[in-house]
file final-v4.txt (compact mmCIF, C-alpha atoms)
# COMPACT_ATOMS: atom_id res chain seq x y z
CA MET A 185 -15.84 -67.99 41.10
CA SER A 186 -15.27 -64.41 40.89
CA ASP A 187 -12.57 -65.09 38.37
CA LEU A 188 -14.93 -67.13 36.38
CA ASN A 189 -17.47 -64.46 36.61
CA LEU A 190 -15.05 -61.88 35.45
CA SER A 191 -13.79 -63.89 32.56
CA SER A 192 -17.19 -64.91 31.46
CA THR A 193 -18.56 -61.45 31.69
CA PRO A 194 -19.66 -60.54 28.23
CA THR A 195 -18.15 -57.38 26.83
CA PRO A 196 -20.99 -55.71 25.10
CA THR A 197 -18.97 -52.68 24.25
CA SER A 198 -16.21 -54.48 22.36
CA PRO A 199 -17.93 -54.78 18.98
CA ALA A 200 -19.58 -51.40 19.30
CA PRO A 201 -16.43 -49.23 18.96
CA THR A 202 -15.57 -50.89 15.69
CA THR A 203 -18.94 -50.11 14.22
CA SER A 204 -18.98 -46.63 15.67
CA GLY A 205 -15.40 -45.94 14.55
CA SER A 206 -16.19 -47.13 11.09
CA SER A 207 -19.25 -44.94 10.86
CA GLU A 208 -17.33 -41.97 12.22
CA LEU A 209 -14.64 -42.59 9.68
CA THR A 210 -17.18 -42.70 6.91
CA GLU A 211 -18.76 -39.53 8.23
CA LEU A 212 -15.37 -37.82 8.39
CA ARG A 213 -14.58 -38.91 4.87
CA GLY A 214 -17.87 -37.45 3.75
CA GLN A 215 -17.09 -34.19 5.50
CA ILE A 216 -13.64 -34.01 3.95
CA GLN A 217 -15.16 -34.64 0.56
CA THR A 218 -17.70 -31.89 1.13
CA LEU A 219 -15.01 -29.51 2.29
CA ARG A 220 -12.88 -30.34 -0.71
CA ILE A 221 -15.73 -29.63 -3.06
CA ALA A 222 -16.43 -26.37 -1.24
CA LEU A 223 -12.75 -25.44 -1.52
CA LEU A 224 -12.85 -26.26 -5.20
CA VAL A 225 -15.84 -23.99 -5.70
CA VAL A 226 -14.14 -21.16 -3.81
CA ALA A 227 -10.92 -21.66 -5.80
CA ILE A 228 -12.87 -21.60 -9.06
CA CYS A 229 -14.56 -18.35 -8.03
CA LEU A 230 -11.24 -16.80 -7.07
CA ALA A 231 -9.62 -17.90 -10.31
CA GLY A 232 -12.56 -16.47 -12.25
CA PHE A 233 -12.28 -13.18 -10.41
CA PHE A 234 -8.56 -12.89 -11.09
CA TYR A 235 -9.08 -13.89 -14.71
CA LEU A 236 -11.70 -11.18 -15.24
CA GLU A 237 -9.59 -8.58 -13.48
CA ALA A 238 -6.51 -9.53 -15.49
CA ARG A 239 -8.50 -9.29 -18.70
CA ARG A 240 -9.99 -5.94 -17.69
CA SER A 241 -6.52 -4.61 -16.84
CA GLY A 242 -5.23 -5.94 -20.14
CA ASN A 243 -7.89 -4.04 -22.06
CA ALA A 244 -7.19 -0.87 -20.10
CA LEU A 245 -3.50 -1.34 -20.71
CA THR A 246 -4.00 -1.65 -24.46
CA LEU A 247 -5.98 1.58 -24.55
CA LEU A 248 -3.55 3.40 -22.30
CA ARG A 249 -0.54 2.28 -24.33
CA GLN A 250 -2.10 3.80 -27.44
CA GLN A 251 -2.93 6.96 -25.54
CA VAL A 252 0.59 7.25 -24.13
CA ALA A 253 2.08 6.68 -27.57
CA GLN A 254 -0.01 9.55 -28.91
CA VAL A 255 0.91 11.71 -25.95
CA ASP A 256 4.60 10.96 -26.44
CA GLU A 257 4.33 11.74 -30.10
CA ALA A 258 2.57 15.03 -29.41
CA ASN A 259 5.04 15.85 -26.68
CA LYS A 260 8.01 15.27 -28.95
CA SER A 261 6.62 17.53 -31.64
CA VAL A 262 5.56 20.30 -29.26
CA GLU A 263 8.46 20.23 -26.82
CA PRO A 264 10.97 22.24 -28.90
CA ALA A 265 8.40 24.94 -29.63
CA VAL A 266 7.44 25.14 -25.96
CA ASN A 267 11.06 25.37 -24.88
CA ARG A 268 11.71 28.07 -27.46
CA PHE A 269 8.65 30.00 -26.32
CA ILE A 270 9.66 29.79 -22.67
CA GLY A 271 13.20 30.79 -23.58
CA GLN A 272 11.89 33.85 -25.40
CA LEU A 273 9.69 34.72 -22.44
CA ALA A 274 12.71 34.40 -20.15
CA GLU A 275 14.61 36.76 -22.44
CA PHE A 276 11.66 39.12 -22.36
CA THR A 277 11.73 39.06 -18.57
CA LYS A 278 15.23 40.52 -18.61
CA THR A 279 13.93 43.69 -20.20
CA HIS A 280 10.55 43.61 -18.47
CA PRO A 281 11.07 42.47 -14.87
CA ASP A 282 7.38 42.79 -14.04
CA PHE A 283 6.72 39.81 -16.28
CA GLY A 284 9.03 37.72 -14.12
CA ALA A 285 6.26 37.16 -11.60
CA VAL A 286 3.99 35.74 -14.29
CA LEU A 287 6.62 33.48 -15.73
CA GLY A 288 7.93 32.53 -12.31
CA LYS A 289 4.61 30.96 -11.42
CA TYR A 290 5.01 28.40 -14.19
CA VAL A 291 8.66 27.79 -14.92
CA GLY A 292 10.39 28.91 -11.79
CA ARG A 293 12.44 32.05 -11.58
CA PRO A 294 13.92 32.69 -15.00
CA ALA A 295 17.55 33.63 -15.27
CA GLY A 296 18.09 37.33 -14.93
CA ALA A 297 14.78 37.98 -13.26
CA PRO A 298 14.77 39.72 -9.92
CA ALA A 299 14.14 37.62 -6.85
CA ALA A 300 11.01 39.52 -5.97
CA ALA A 301 9.48 41.43 -8.78
CA PRO A 302 8.46 44.84 -7.51
CA ALA A 303 5.21 46.52 -8.42
CA ILE A 304 3.50 43.47 -9.84
CA ALA A 305 0.31 44.31 -11.56
CA PRO A 306 -2.13 41.61 -10.52
CA ALA A 307 -3.99 39.65 -13.13
CA PRO A 308 -7.68 40.53 -13.29
CA ALA A 309 -8.74 37.11 -12.08
CA ALA A 310 -6.46 37.33 -9.08
CA ALA A 311 -7.05 41.00 -8.41
CA LYS A 312 -7.16 41.84 -4.75
CA PRO A 313 -9.43 44.48 -3.26
CA ALA A 314 -7.93 47.96 -3.18
CA ALA A 315 -8.23 48.15 0.57
CA ALA A 316 -5.94 45.18 1.11
CA PRO A 317 -2.72 46.27 2.79
CA ALA A 318 0.48 45.95 0.81
CA PRO A 319 2.81 43.23 2.06
CA VAL A 320 5.74 44.50 4.05
CA LYS A 321 9.00 43.79 2.31
CA LYS A 322 12.30 43.56 4.08
CA MET V 265 -11.47 -47.56 -4.98
CA LYS V 266 -14.16 -45.42 -6.50
CA ASN V 267 -13.82 -42.95 -3.68
CA ASN V 268 -10.10 -42.93 -4.10
CA GLY V 269 -10.46 -42.07 -7.77
CA LEU V 270 -12.80 -39.19 -6.98
CA ASP V 271 -10.35 -37.99 -4.35
CA LYS V 272 -7.58 -37.95 -6.90
CA ILE V 273 -9.66 -36.08 -9.42
CA LEU V 274 -10.64 -33.51 -6.82
CA HIS V 275 -7.08 -33.19 -5.66
CA TRP V 276 -5.62 -32.57 -9.10
CA THR V 277 -8.43 -30.25 -10.13
CA LEU V 278 -7.88 -28.21 -7.01
CA LEU V 279 -4.17 -28.06 -7.66
CA ALA V 280 -4.69 -26.95 -11.26
CA ILE V 281 -7.14 -24.26 -10.24
CA VAL V 282 -4.84 -22.96 -7.52
CA LEU V 283 -2.05 -22.71 -10.09
CA LEU V 284 -4.35 -20.91 -12.52
CA THR V 285 -5.38 -18.53 -9.76
CA ALA V 286 -1.74 -17.75 -9.05
CA VAL V 287 -1.05 -17.09 -12.73
CA PHE V 288 -4.07 -14.81 -13.12
CA ALA V 289 -3.28 -12.98 -9.90
CA PHE V 290 0.27 -12.37 -11.08
CA GLN V 291 -0.95 -11.09 -14.44
CA TRP V 292 -3.47 -8.84 -12.75
CA PHE V 293 -0.86 -7.44 -10.39
CA ASN V 294 1.63 -6.68 -13.17
CA ARG V 295 -0.94 -5.18 -15.50
CA SER V 296 -2.46 -3.03 -12.77
CA ARG V 297 0.97 -1.72 -11.88
CA GLU V 298 1.66 -0.83 -15.50
CA VAL V 299 -1.76 0.79 -15.86
CA ARG V 300 -1.08 2.97 -12.83
CA SER V 301 2.31 3.95 -14.21
CA LEU V 302 0.87 4.89 -17.60
CA GLN V 303 -1.99 6.78 -15.99
CA THR V 304 0.53 8.82 -14.03
CA LYS V 305 2.31 9.64 -17.28
CA VAL V 306 -0.90 10.77 -18.95
CA VAL V 307 -1.90 12.88 -15.95
CA GLU V 308 1.54 14.51 -15.92
CA PHE V 309 1.14 15.41 -19.57
CA GLN V 310 -2.35 16.78 -18.95
CA ASN V 311 -1.07 18.87 -16.06
CA ARG V 312 1.70 20.22 -18.24
CA GLN V 313 -0.81 21.08 -20.95
CA ALA V 314 -2.98 22.89 -18.41
CA MET V 315 0.04 24.74 -17.07
CA LEU V 316 1.04 25.85 -20.56
CA GLN V 317 -2.51 26.94 -21.31
CA ASN V 318 -2.55 29.03 -18.13
CA LEU V 319 0.80 30.56 -19.06
CA VAL V 320 -0.51 31.44 -22.50
CA ASN V 321 -3.64 32.97 -20.97
CA GLU V 322 -1.59 35.06 -18.59
CA CYS V 323 0.69 36.13 -21.43
CA LEU V 324 -2.33 37.24 -23.42
CA GLU V 325 -3.62 39.09 -20.38
CA TYR V 326 -0.22 40.71 -19.92
CA SER V 327 -0.12 41.70 -23.58
CA LYS V 328 -3.18 43.87 -22.99
CA ARG V 329 -1.15 45.93 -20.54
CA ASN V 330 2.19 45.68 -22.29
CA PRO V 331 2.05 45.07 -26.04
CA ALA V 332 5.82 44.63 -26.14
CA ILE V 333 5.26 40.91 -25.59
CA ASP V 334 3.12 40.68 -28.70
CA SER V 335 6.08 39.94 -30.96
CA ILE V 336 6.88 36.81 -28.95
CA LEU V 337 3.25 35.72 -28.84
CA GLU V 338 2.79 36.27 -32.54
CA ALA V 339 6.01 34.50 -33.42
CA ASN V 340 4.79 31.45 -31.52
CA ASN V 341 1.27 31.58 -32.94
CA VAL V 342 -0.16 32.25 -29.53
CA LYS V 343 -1.73 35.45 -30.68
CA PRO V 344 -2.94 36.09 -34.21
CA LYS V 345 -0.77 38.53 -36.09
CA ALA V 346 -2.21 41.96 -36.38
CA THR V 347 -3.09 42.51 -40.01
CA PRO V 348 -2.18 45.98 -41.20
CA THR V 349 -5.23 47.97 -42.17
CA MET V 350 -5.11 48.52 -45.87
CA LYS V 351 -6.52 51.60 -47.41
CA PRO V 352 -9.13 50.90 -50.03
CA ALA V 353 -7.81 51.28 -53.53
CA LYS V 354 -9.15 54.16 -55.44
call {"tool": "encode", "arguments": {"input": "final-v4.txt", "output": "structure tokens"}}
result
Amino acid sequence: MSDLNLSSTPTPTSPAPTTSGSSELTELRGQIQTLRIALLVVAICLAGFFYLEARRSGNALTLLRQQVAQVDEANKSVEPAVNRFIGQLAEFTKTHPDFGAVLGKYVGRPAGAPAAAPAIAPAPAAAKPAAAPAPVKK
Amino acid sequence: MKNNGLDKILHWTLLAIVLLTAVFAFQWFNRSREVRSLQTKVVEFQNRQAMLQNLVNECLEYSKRNPAIDSILEANNVKPKATPTMKPAK
């Protein structure tokens, strides 16, 4: 009897999981589709951003290349004159050691110049007050 | 079937866009690096110009105290050559 009862007991939940599983599957598919579309939108935005940045950098690069070419050209034409001028100033320093301090600020200590130029007359812009104590030299 | 087709389209579109993004990002990276390098070069040149200008200014300042440097400055067109004062012709 009990067996009969058990076997004849209707299983109301047996068809339900199929329907529910199917609907969940459909829902999941919908969500995946939505996520994919969202991912696509994000990827398009990112690609657009990189495209604009690459184009902007390309424009800047074109301008800079021209500028650097001009700079190189100017540098090549001026360089010998500058070197000659500095060489002459270095020669001048040999006979006028007080100029060594001026030149030393820009091109390092020129050959023949004393290590510490004594009695440097300060430039007007960098003039110190008269009351300032003289640095002690060893 | 219809869904499957849409899936495929989405999938391939996404793949293509990801590839495009990678290409653009690579271009951007390379170009930005080159821009920085060139900018450094330009700034170095500008610094050198400023340094030379300061040197010239200090030389001119020094020439006020010691005119012996004038010959060098004049030879390099840093200082205009002193024109000898000519006596008016009678």
call {"tool": "atom_distance", "arguments": {"input": "final-v4.txt", "atom1": "atom CA of Gln215 of chain A", "atom2": "atom CA of Leu270 of chain V"}}
result
14.1 Å
call {"tool": "closest_residue", "arguments": {"input": "final-v4.txt", "among": "V:Phe309, V:Trp276, V:Phe288, V:Tyr326", "to": "Val286 of chain A", "atoms": "all atoms listed in the file"}}
result
V:Tyr326
call {"tool": "interface_residues", "arguments": {"input": "final-v4.txt", "of": "chain V", "to": "chain A", "cutoff": "7 Å", "atoms": "all atoms listed in the file", "output": "PyMOL selection string"}}
result
chain V and resi 278+281-282+284-285+288-289+291-292+295-296+299+302+306+315+319+336+340
call {"tool": "atom_distance", "arguments": {"input": "final-v4.txt", "atom1": "atom CA of Asn311 of chain V", "atom2": "atom CA of Val342 of chain V"}}
result
19.0 Å
call {"tool": "build_atoms", "arguments": {"input": "final-v4.txt", "residues": "segment 288-311 of chain V", "atoms": "N, CA and C atoms", "output": "PDB file, in the frame of the given file"}}
result
ATOM      1  N   PHE V 288      -3.200 -15.964 -12.849  1.00  0.00           N
ATOM      2  CA  PHE V 288      -4.070 -14.810 -13.120  1.00  0.00           C
ATOM      3  C   PHE V 288      -3.791 -13.666 -12.151  1.00  0.00           C
ATOM      4  N   ALA V 289      -3.561 -14.024 -10.887  1.00  0.00           N
ATOM      5  CA  ALA V 289      -3.280 -12.980  -9.900  1.00  0.00           C
ATOM      6  C   ALA V 289      -1.990 -12.250 -10.255  1.00  0.00           C
ATOM      7  N   PHE V 290      -1.003 -12.984 -10.693  1.00  0.00           N
ATOM      8  CA  PHE V 290       0.270 -12.370 -11.080  1.00  0.00           C
ATOM      9  C   PHE V 290       0.089 -11.440 -12.277  1.00  0.00           C
ATOM     10  N   GLN V 291      -0.668 -11.926 -13.254  1.00  0.00           N
ATOM     11  CA  GLN V 291      -0.950 -11.090 -14.440  1.00  0.00           C
ATOM     12  C   GLN V 291      -1.676  -9.807 -14.034  1.00  0.00           C
ATOM     13  N   TRP V 292      -2.672  -9.988 -13.199  1.00  0.00           N
ATOM     14  CA  TRP V 292      -3.470  -8.840 -12.750  1.00  0.00           C
ATOM     15  C   TRP V 292      -2.592  -7.826 -12.033  1.00  0.00           C
ATOM     16  N   PHE V 293      -1.735  -8.323 -11.155  1.00  0.00           N
ATOM     17  CA  PHE V 293      -0.860  -7.440 -10.390  1.00  0.00           C
ATOM     18  C   PHE V 293       0.058  -6.645 -11.333  1.00  0.00           C
ATOM     19  N   ASN V 294       0.683  -7.348 -12.257  1.00  0.00           N
ATOM     20  CA  ASN V 294       1.630  -6.680 -13.170  1.00  0.00           C
ATOM     21  C   ASN V 294       0.921  -5.663 -14.052  1.00  0.00           C
ATOM     22  N   ARG V 295      -0.226  -6.091 -14.597  1.00  0.00           N
ATOM     23  CA  ARG V 295      -0.940  -5.180 -15.500  1.00  0.00           C
ATOM     24  C   ARG V 295      -1.453  -3.957 -14.751  1.00  0.00           C
ATOM     25  N   SER V 296      -1.952  -4.167 -13.542  1.00  0.00           N
ATOM     26  CA  SER V 296      -2.460  -3.030 -12.770  1.00  0.00           C
ATOM     27  C   SER V 296      -1.338  -2.055 -12.471  1.00  0.00           C
ATOM     28  N   ARG V 297      -0.175  -2.591 -12.172  1.00  0.00           N
ATOM     29  CA  ARG V 297       0.970  -1.720 -11.880  1.00  0.00           C
ATOM     30  C   ARG V 297       1.329  -0.887 -13.118  1.00  0.00           C
ATOM     31  N   GLU V 298       1.321  -1.544 -14.270  1.00  0.00           N
ATOM     32  CA  GLU V 298       1.660  -0.830 -15.500  1.00  0.00           C
ATOM     33  C   GLU V 298       0.591   0.217 -15.841  1.00  0.00           C
ATOM     34  N   VAL V 299      -0.673  -0.158 -15.600  1.00  0.00           N
ATOM     35  CA  VAL V 299      -1.760   0.790 -15.860  1.00  0.00           C
ATOM     36  C   VAL V 299      -1.583   2.034 -15.000  1.00  0.00           C
ATOM     37  N   ARG V 300      -1.271   1.820 -13.724  1.00  0.00           N
ATOM     38  CA  ARG V 300      -1.080   2.970 -12.830  1.00  0.00           C
ATOM     39  C   ARG V 300       0.075   3.848 -13.315  1.00  0.00           C
ATOM     40  N   SER V 301       1.137   3.197 -13.745  1.00  0.00           N
ATOM     41  CA  SER V 301       2.310   3.950 -14.210  1.00  0.00           C
ATOM     42  C   SER V 301       1.965   4.782 -15.442  1.00  0.00           C
ATOM     43  N   LEU V 302       1.235   4.165 -16.374  1.00  0.00           N
ATOM     44  CA  LEU V 302       0.870   4.890 -17.600  1.00  0.00           C
ATOM     45  C   LEU V 302      -0.115   6.014 -17.302  1.00  0.00           C
ATOM     46  N   GLN V 303      -1.021   5.748 -16.364  1.00  0.00           N
ATOM     47  CA  GLN V 303      -1.990   6.780 -15.990  1.00  0.00           C
ATOM     48  C   GLN V 303      -1.267   7.991 -15.404  1.00  0.00           C
ATOM     49  N   THR V 304      -0.248   7.721 -14.610  1.00  0.00           N
ATOM     50  CA  THR V 304       0.530   8.820 -14.030  1.00  0.00           C
ATOM     51  C   THR V 304       1.162   9.649 -15.147  1.00  0.00           C
ATOM     52  N   LYS V 305       1.676   8.950 -16.155  1.00  0.00           N
ATOM     53  CA  LYS V 305       2.310   9.640 -17.280  1.00  0.00           C
ATOM     54  C   LYS V 305       1.305  10.546 -18.002  1.00  0.00           C
ATOM     55  N   VAL V 306       0.125   9.993 -18.243  1.00  0.00           N
ATOM     56  CA  VAL V 306      -0.900  10.770 -18.950  1.00  0.00           C
ATOM     57  C   VAL V 306      -1.321  11.978 -18.119  1.00  0.00           C
ATOM     58  N   VAL V 307      -1.482  11.765 -16.816  1.00  0.00           N
ATOM     59  CA  VAL V 307      -1.900  12.880 -15.950  1.00  0.00           C
ATOM     60  C   VAL V 307      -0.814  13.955 -15.914  1.00  0.00           C
ATOM     61  N   GLU V 308       0.442  13.532 -15.900  1.00  0.00           N
ATOM     62  CA  GLU V 308       1.540  14.510 -15.920  1.00  0.00           C
ATOM     63  C   GLU V 308       1.477  15.363 -17.200  1.00  0.00           C
ATOM     64  N   PHE V 309       1.225  14.684 -18.305  1.00  0.00           N
ATOM     65  CA  PHE V 309       1.140  15.410 -19.570  1.00  0.00           C
ATOM     66  C   PHE V 309      -0.040  16.380 -19.551  1.00  0.00           C
ATOM     67  N   GLN V 310      -1.172  15.910 -19.009  1.00  0.00           N
ATOM     68  CA  GLN V 310      -2.350  16.780 -18.950  1.00  0.00           C
ATOM     69  C   GLN V 310      -2.094  17.992 -18.056  1.00  0.00           C
ATOM     70  N   ASN V 311      -1.393  17.750 -16.948  1.00  0.00           N
ATOM     71  CA  ASN V 311      -1.070  18.870 -16.060  1.00  0.00           C
ATOM     72  C   ASN V 311      -0.163  19.870 -16.760  1.00  0.00           C
TER      73      ASN V 311
END
